[in-house]
>>> print(open('upload.pdb').read())   # PDB, C-alpha atoms
ATOM      1  CA  MET A 284       5.878 -59.419 -10.807
ATOM      2  CA  THR A 285       4.256 -59.851  -7.442
ATOM      3  CA  ASP A 286       1.895 -58.120  -5.094
ATOM      4  CA  GLN A 287       4.881 -57.534  -2.761
ATOM      5  CA  PRO A 288       4.711 -53.880  -1.645
ATOM      6  CA  VAL A 289       7.483 -51.604  -2.828
ATOM      7  CA  CYS A 290       8.315 -47.970  -2.280
ATOM      8  CA  LEU A 291       8.628 -46.191  -5.614
ATOM      9  CA  THR A 292      10.699 -43.017  -5.388
ATOM     10  CA  LEU A 293      10.756 -40.420  -8.168
ATOM     11  CA  ILE A 294      13.215 -37.534  -8.299
ATOM     12  CA  VAL A 295      11.470 -34.728 -10.156
ATOM     13  CA  PRO A 296      13.021 -31.492 -11.444
ATOM     14  CA  HIS A 297      11.337 -28.459  -9.897
ATOM     15  CA  GLN A 298       9.845 -27.298 -13.195
ATOM     16  CA  LEU A 299       7.997 -30.647 -13.644
ATOM     17  CA  ARG A 300       6.713 -30.868 -10.077
ATOM     18  CA  GLU A 301       3.067 -29.872 -10.601
ATOM     19  CA  GLU A 302       2.784 -31.821 -13.854
ATOM     20  CA  VAL A 303       4.075 -35.005 -12.193
ATOM     21  CA  PHE A 304       1.821 -34.459  -9.146
ATOM     22  CA  ASP A 305      -1.218 -34.124 -11.405
ATOM     23  CA  TYR A 306      -0.227 -37.099 -13.524
ATOM     24  CA  VAL A 307       0.412 -39.451 -10.598
ATOM     25  CA  ALA A 308      -2.803 -38.317  -8.870
ATOM     26  CA  GLU A 309      -4.748 -39.223 -12.044
ATOM     27  CA  GLN A 310      -3.451 -42.825 -11.962
ATOM     28  CA  THR A 311      -6.110 -43.873  -9.436
ATOM     29  CA  ASP A 312      -6.138 -47.469 -10.682
ATOM     30  CA  LEU A 313      -2.533 -47.824  -9.457
ATOM     31  CA  VAL A 314      -1.826 -45.107  -6.888
ATOM     32  CA  SER A 315      -3.868 -44.382  -3.783
ATOM     33  CA  GLY A 316      -1.646 -41.526  -2.604
ATOM     34  CA  PHE A 317       1.904 -40.230  -2.427
ATOM     35  CA  THR A 318       4.205 -38.082  -0.335
ATOM     36  CA  ALA A 319       6.367 -35.303  -1.726
ATOM     37  CA  SER A 320       9.242 -33.420  -0.170
ATOM     38  CA  HIS A 321      11.827 -30.894  -1.273
ATOM     39  CA  GLY A 322      15.132 -32.272  -2.475
ATOM     40  CA  ALA A 323      18.496 -30.869  -3.447
ATOM     41  CA  GLY A 324      20.162 -32.665  -6.346
ATOM     42  CA  HIS A 325      23.938 -33.021  -6.378
ATOM     43  CA  GLY A 326      26.243 -34.886  -8.745
ATOM     44  CA  ALA A 327      27.807 -34.988 -12.164
ATOM     45  CA  ASP A 328      24.531 -35.808 -13.955
ATOM     46  CA  VAL A 329      22.468 -33.121 -12.200
ATOM     47  CA  ARG A 330      21.725 -30.097 -14.363
ATOM     48  CA  LEU A 331      21.847 -26.715 -12.646
ATOM     49  CA  ARG A 332      19.277 -24.895 -14.770
ATOM     50  CA  THR A 333      19.017 -21.493 -13.122
ATOM     51  CA  ALA A 334      21.480 -18.910 -11.883
ATOM     52  CA  ALA A 335      20.145 -19.467  -8.361
ATOM     53  CA  GLU A 336      20.861 -23.206  -8.600
ATOM     54  CA  ARG A 337      24.388 -22.515  -9.848
ATOM     55  CA  VAL A 338      25.004 -20.166  -6.910
ATOM     56  CA  LYS A 339      23.576 -22.687  -4.402
ATOM     57  CA  GLY A 340      25.464 -25.538  -6.054
ATOM     58  CA  HIS A 341      22.474 -27.883  -6.264
ATOM     59  CA  ALA A 342      19.339 -28.375  -8.324
ATOM     60  CA  ASP A 343      15.937 -27.824  -6.732
ATOM     61  CA  GLN A 344      14.111 -31.116  -6.984
ATOM     62  CA  THR A 345      11.140 -32.873  -5.460
ATOM     63  CA  THR A 346      11.197 -36.379  -4.045
ATOM     64  CA  VAL A 347       7.915 -38.227  -4.612
ATOM     65  CA  GLN A 348       7.360 -41.505  -2.785
ATOM     66  CA  MET A 349       4.489 -43.982  -2.883
ATOM     67  CA  ILE A 350       3.852 -47.484  -1.614
ATOM     68  CA  LEU A 351       2.252 -49.856  -4.102
ATOM     69  CA  ALA A 352       2.293 -53.423  -5.276
ATOM     70  CA  GLU A 353       5.366 -54.319  -7.318
ATOM     71  CA  ARG A 354       3.262 -54.965 -10.413
ATOM     72  CA  ASP A 355       1.519 -51.589 -10.038
ATOM     73  CA  ALA A 356       4.882 -49.832  -9.680
ATOM     74  CA  SER A 357       6.015 -51.495 -12.895
ATOM     75  CA  SER A 358       2.829 -50.397 -14.686
ATOM     76  CA  LEU A 359       3.181 -46.838 -13.409
ATOM     77  CA  LEU A 360       6.805 -46.703 -14.547
ATOM     78  CA  ASP A 361       5.741 -47.896 -18.015
ATOM     79  CA  ARG A 362       3.215 -45.042 -18.175
ATOM     80  CA  LEU A 363       5.728 -42.505 -16.896
ATOM     81  CA  ARG A 364       8.254 -43.608 -19.545
ATOM     82  CA  VAL A 365       5.705 -42.739 -22.233
ATOM     83  CA  SER A 366       4.284 -39.546 -20.722
ATOM     84  CA  PHE A 367       7.590 -38.108 -19.510
ATOM     85  CA  ALA A 368       9.964 -39.378 -22.191
ATOM     86  CA  GLY A 369      13.091 -37.250 -22.450
ATOM     87  CA  THR A 370      12.703 -35.609 -19.021
ATOM     88  CA  LYS A 371      15.347 -37.760 -17.306
ATOM     89  CA  LEU A 372      13.202 -38.503 -14.254
ATOM     90  CA  VAL A 373      15.222 -40.580 -11.809
ATOM     91  CA  TYR A 374      13.503 -43.424  -9.978
ATOM     92  CA  TRP A 375      14.074 -46.493  -7.858
ATOM     93  CA  THR A 376      12.034 -49.065  -6.005
ATOM     94  CA  ILE A 377      12.818 -50.797  -2.749
ATOM     95  CA  PRO A 378      10.945 -53.659  -1.074
ATOM     96  CA  VAL A 379       8.712 -52.740   1.847
ATOM     97  CA  ALA A 380       8.706 -55.233   4.696
ATOM     98  CA  GLU A 381       5.662 -53.701   6.368
ATOM     99  CA  PHE A 382       3.209 -50.906   5.618
ATOM    100  CA  GLY A 383       0.206 -49.698   7.548
ATOM    101  CA  THR A 384      -1.494 -46.893   9.413
ATOM    102  CA  ILE A 385      -1.485 -46.395  13.172
ATOM    103  CA  TYR A 386      -4.892 -45.129  14.312
TER     104      TYR A 386
END
>>> encode(input="upload.pdb", output="structure tokens")
Amino acid sequence: MTDQPVCLTLIVPHQLREEVFDYVAEQTDLVSGFTASHGAGHGADVRLRTAAERVKGHADQTTVQMILAERDASSLLDRLRVSFAGTKLVYWTIPVAEFGTIY
């Protein structure tokens, strides 16, 4: 593991949204902030849980993204695996070539 920055993306079912937001926000030793946006899940492994989702043809989901060191992303994923076991959260990481703030 390195201190190379990565973007960790979580795909969160709508019903877990607030719980995941609260959980990630509590991990202040690893996460300094995150961005969330609405997502629409499609595919064979996506569960359409409500009648509205079945009519729309997609699952309401939230995409949560954060930039952190690779080792911190790994630690956060370990914690998420314990705290959200069985929820089938989808995730991925991608390297970040540059990250900053324009003032």
>>> residues_around(input="upload.pdb", residues="Asp305 (chain A)", least_positions_apart="6", cutoff="12 Å", atoms="all atoms listed in the file", output="number ranges by chain")
A: 299, 311, 314, 316-317
>>> resolve_selection(input="upload.pdb", expression="the PyMOL selection byres ((chain A and resi 360-365) around 12)", output="count of residues only")
32
>>> resolve_selection(input="upload.pdb", expression="the PyMOL selection byres ((chain A and resi 345) around 8)", output="PyMOL selection string")
chain A and resi 294-297+300+319-323+343-344+346-347
>>> atom_distance(input="upload.pdb", atom1="CA of Ile350 (chain A)", atom2="CA of Asp286 (chain A)")
11.4 Å
>>> resolve_selection(input="upload.pdb", expression="the PyMOL selection byres ((chain A and resi 378) around 8)", output="MDAnalysis selection string")
chainID A and resid 287:290 376:377 379:380
>>> closest_residue(input="upload.pdb", among="A:Gln298, A:Thr285, A:Thr384, A:Ser315", to="Met349 (chain A)", atoms="all atoms listed in the file")
A:Ser315
